[in-house]
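Colleague: Can you read through this structure? Questions will come right after.
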Amino acid sequence: MEVKKSPKADLEGGKTLGILMGMVVGLAVLFVGFEWGTRDIQVVKNEGVADIIAEEEIEITRPEDTPPPPPPPPAPATVEQLNIVDDDVELDQVDIISSEDDQSSAQVEAYVAPAVVEEEEESAQQIFTVVETMPEFPGGQGALLQFLAKSIKYPVIAQENGIQGRVTCSFVVNKDGSIVDAEVIRGVDPSLDKEALRVINTMPKWSPGKQRGKPVRVKYTVPVTFRLQ
């Protein structure tokens with residue numbers, strides 16, 4: 001008697017499919033397990049980029065190719081001229097001094113003394129302000145004050161206007177003691193300035209100033225005081 005089975009109850013037909021599905025699921029789980037594992041992530045800094053940026057910031061200038069300077073012009077050719085002289089012509093005789101000759105005598109003969117006249121003229125025209133021996137009025141400083149007091153004539157205009165003060169004058173005492181180049185350095189009033197210059201120009205000769213024992217020109221300053229009584 002043959003046993004008949006229902007096709008739905010047949011388990012042999014789905015056995016192969018079940019095995020394949022199980023293997024696929026197992027491989028999938030195994031693959032997901034490997035992928036899910038932790039990984040060491042290593043960050044590598046790209047230092048090459050920084051180096052490239054640093055190199056780009058540096059400006060490198062190259063000298064332009066300048067052409068070499070042109071060669072100097074050739075020197076003009078000199079043509080030597082030879083003067084042919086007849087044997088009968090007498091030439092001037094030139095004395096040639098050798099190094100063995102007495103050179104000291106030749107130096108003494110060729111020496112020329114420097115001119116001192118110009119220096120003396122310059123020193124004569126030079127005007128000093130301070131010298132070893134200053135110029136002096138005949139009789140000294142007291143005699144100078146007495147001379148000024150006696151010689152000054154107070155201007156009437158200045159008296160009427162009540163003008164008084166000190167007029168400072170300067171002048172040059174020459175080598176012979178004469179007074180020249182009188183001028184007012186600090187004035188008070190035109191009338192008083194004029195009177196002070198008049199008195200200065202009427203002074204007698206002074207004792208000249210001396211520098212290194214020689215008389216020289218010296219610039220001197222004298223105050224002239226005008227005072228109303």
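Identifiers in this document derive from the order of the structure tokens: chains are assigned A, B, ..., residues are numbered from 1 separately in each chain, and ligands are numbered from 1 in order of occurrence.
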Excluding region 149-161 of chain A and any residue of its chain fewer than 3 positions from it, enumerate the residues within 9 Å of it, using only C-alpha atoms, and give them as number ranges by chain.
Modeller: A: 144-146, 164, 189, 191-192, 195-196, 198-199, 202, 224-228
Colleague: Only N, CA, C and O atoms, please: the residues just picked out, written as a CSV table (one decimal), in the first residue's frame.
Modeller:
```csv
chain,number,residue,atom,x,y,z
A,144,LEU,N,90.5,159.0,30.9
A,144,LEU,CA,89.5,158.9,29.8
A,144,LEU,C,88.1,159.4,30.3
A,144,LEU,O,87.4,160.1,29.6
A,145,LEU,N,87.7,159.0,31.5
A,145,LEU,CA,86.4,159.5,32.1
A,145,LEU,C,86.4,161.0,32.2
A,145,LEU,O,85.4,161.7,31.9
A,146,GLN,N,87.5,161.6,32.7
A,146,GLN,CA,87.5,163.0,32.8
A,146,GLN,C,87.5,163.7,31.4
A,146,GLN,O,86.8,164.7,31.3
A,164,GLN,N,67.9,160.9,28.7
A,164,GLN,CA,69.2,160.6,29.3
A,164,GLN,C,69.5,159.1,29.1
A,164,GLN,O,68.5,158.3,28.9
A,189,ASP,N,69.2,158.0,21.8
A,189,ASP,CA,68.5,159.0,21.1
A,189,ASP,C,69.4,159.5,20.0
A,189,ASP,O,70.7,159.5,20.2
A,191,SER,N,70.2,162.4,18.9
A,191,SER,CA,71.0,163.5,19.3
A,191,SER,C,72.1,163.1,20.3
A,191,SER,O,73.3,163.5,20.1
A,192,LEU,N,71.8,162.2,21.2
A,192,LEU,CA,72.9,161.7,22.1
A,192,LEU,C,73.9,160.8,21.4
A,192,LEU,O,75.1,160.9,21.7
A,195,GLU,N,76.3,163.1,19.5
A,195,GLU,CA,77.3,163.7,20.3
A,195,GLU,C,78.3,162.8,20.8
A,195,GLU,O,79.5,163.1,20.9
A,196,ALA,N,77.9,161.5,21.1
A,196,ALA,CA,78.9,160.5,21.6
A,196,ALA,C,80.0,160.2,20.5
A,196,ALA,O,81.2,160.2,20.8
A,198,ARG,N,80.9,162.2,18.2
A,198,ARG,CA,81.7,163.4,18.0
A,198,ARG,C,82.9,163.4,19.0
A,198,ARG,O,84.0,163.7,18.7
A,199,VAL,N,82.5,163.1,20.3
A,199,VAL,CA,83.5,163.1,21.3
A,199,VAL,C,84.5,162.0,21.1
A,199,VAL,O,85.8,162.2,21.3
A,202,THR,N,87.2,162.9,18.6
A,202,THR,CA,88.1,164.0,19.0
A,202,THR,C,89.1,163.5,20.1
A,202,THR,O,89.9,164.3,20.6
A,224,VAL,N,79.4,155.9,26.9
A,224,VAL,CA,79.3,157.3,27.2
A,224,VAL,C,78.0,157.6,27.8
A,224,VAL,O,76.9,157.3,27.3
A,225,THR,N,78.0,158.1,29.1
A,225,THR,CA,76.8,158.2,29.9
A,225,THR,C,76.3,159.7,29.8
A,225,THR,O,77.1,160.6,30.1
A,226,PHE,N,75.1,159.9,29.5
A,226,PHE,CA,74.4,161.2,29.5
A,226,PHE,C,73.4,161.2,30.7
A,226,PHE,O,72.5,160.4,30.7
A,227,ARG,N,73.6,162.1,31.6
A,227,ARG,CA,72.8,162.2,32.8
A,227,ARG,C,72.4,163.6,33.1
A,227,ARG,O,73.3,164.5,33.2
A,228,LEU,N,71.1,163.9,33.3
A,228,LEU,CA,70.6,165.2,33.6
A,228,LEU,C,70.7,165.4,35.1
A,228,LEU,O,70.4,164.5,35.9
```
Colleague: Would you mind listing what lies within 10 Å of Phe137 (chain A) as a JSON list (two decimals) with N, CA and C atoms, in the first residue's frame, with only C-alpha atoms counted and same-chain residues fewer than 4 positions away left out?
Modeller:
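And here's selection.json as it stands now:
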```json
[["chain", "number", "residue", "atom", "x", "y", "z"],
["A", 141, "GLN", "N", 92.40, 154.90, 32.61],
["A", 141, "GLN", "CA", 90.95, 154.91, 32.56],
["A", 141, "GLN", "C", 90.36, 156.15, 33.22],
["A", 142, "GLY", "N", 90.99, 156.62, 34.31],
["A", 142, "GLY", "CA", 90.48, 157.82, 34.99],
["A", 142, "GLY", "C", 90.58, 159.04, 34.10],
["A", 143, "ALA", "N", 91.68, 159.16, 33.37],
["A", 143, "ALA", "CA", 91.84, 160.29, 32.46],
["A", 143, "ALA", "C", 90.82, 160.22, 31.33],
["A", 144, "LEU", "N", 90.46, 159.01, 30.89],
["A", 144, "LEU", "CA", 89.45, 158.87, 29.83],
["A", 144, "LEU", "C", 88.09, 159.38, 30.31],
["A", 145, "LEU", "N", 87.69, 159.03, 31.54],
["A", 145, "LEU", "CA", 86.40, 159.48, 32.07],
["A", 145, "LEU", "C", 86.38, 161.01, 32.23],
["A", 147, "PHE", "N", 88.09, 163.13, 30.41],
["A", 147, "PHE", "CA", 88.04, 163.70, 29.07],
["A", 147, "PHE", "C", 86.61, 163.68, 28.52],
["A", 177, "GLY", "N", 98.07, 154.27, 17.27],
["A", 177, "GLY", "CA", 97.28, 154.85, 18.35],
["A", 177, "GLY", "C", 96.12, 155.71, 17.90],
["A", 203, "MET", "N", 89.12, 162.24, 20.44],
["A", 203, "MET", "CA", 90.07, 161.74, 21.44],
["A", 203, "MET", "C", 91.49, 161.79, 20.89],
["A", 204, "PRO", "N", 92.49, 162.01, 21.74],
["A", 204, "PRO", "CA", 93.89, 161.97, 21.29],
["A", 204, "PRO", "C", 94.32, 160.53, 21.01],
["A", 205, "LYS", "N", 95.52, 160.38, 20.53],
["A", 205, "LYS", "CA", 96.02, 159.04, 20.22],
["A", 205, "LYS", "C", 96.22, 158.23, 21.49],
["A", 206, "TRP", "N", 95.89, 156.96, 21.38],
["A", 206, "TRP", "CA", 96.04, 156.04, 22.49],
["A", 206, "TRP", "C", 97.39, 155.33, 22.40],
["A", 207, "SER", "N", 97.71, 154.62, 23.48],
["A", 207, "SER", "CA", 98.84, 153.69, 23.41],
["A", 207, "SER", "C", 98.34, 152.43, 22.70],
["A", 208, "PRO", "N", 98.93, 152.05, 21.58],
["A", 208, "PRO", "CA", 98.38, 150.93, 20.79],
["A", 208, "PRO", "C", 98.49, 149.61, 21.55]]
```
Colleague: Could you state the separation of CA of Phe128 (chain A) and CA of Ala182 (chain A) in Å, given to one decimal place?
Modeller: 15.3 Å
Colleague: Would you please work out which residue, of A:Asp176, A:Pro73, A:Leu148, A:Lys219, is nearest to Thr129 (chain A) when using only C-alpha atoms?
Modeller: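 Selected residue with least distance to Thr129 (chain A): A:Lys219.
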Colleague: Between CA of Glu132 (chain A) and CA of Leu197 (chain A), what distance in Å does the model show, to one decimal?
Modeller: 27.2 Å
Colleague: Which residue is closest to Thr221 (chain A)? Choose from A:Gln126, A:Thr168, A:Asn201, A:Thr133 and count only C-alpha atoms.
Modeller: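 Closest candidate: A:Thr168.
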Colleague: Find the spatial neighbours of Val172 (chain A), counting only C-alpha atoms, within a cut-off of 9 Å - ignore same-chain residues fewer than 3 positions away - and output them as a list in words.
Modeller: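 Using only C-alpha atoms, the neighbours found are Ile127, Ser178, Ile179, Val180, Asp181, Ala182, Arg217, Val218, Lys219, Tyr220 and Thr221 of chain A.
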Colleague: In terms of the shortest atom-to-atom distance over only C-alpha atoms, which of A:Gly33, A:Pro70, A:Pro223, A:Gly209 is closest to Val188 (chain A)?
Modeller: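 Once distances to Val188 (chain A) are computed over only C-alpha atoms, the minimum belongs to A:Pro223.
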Colleague: Can you work out the spacing between CA of Pro135 (chain A) and CA of Gly187 (chain A) in Å, to one decimal?
Modeller: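 Between these atoms lies a distance of 23.8 Å.
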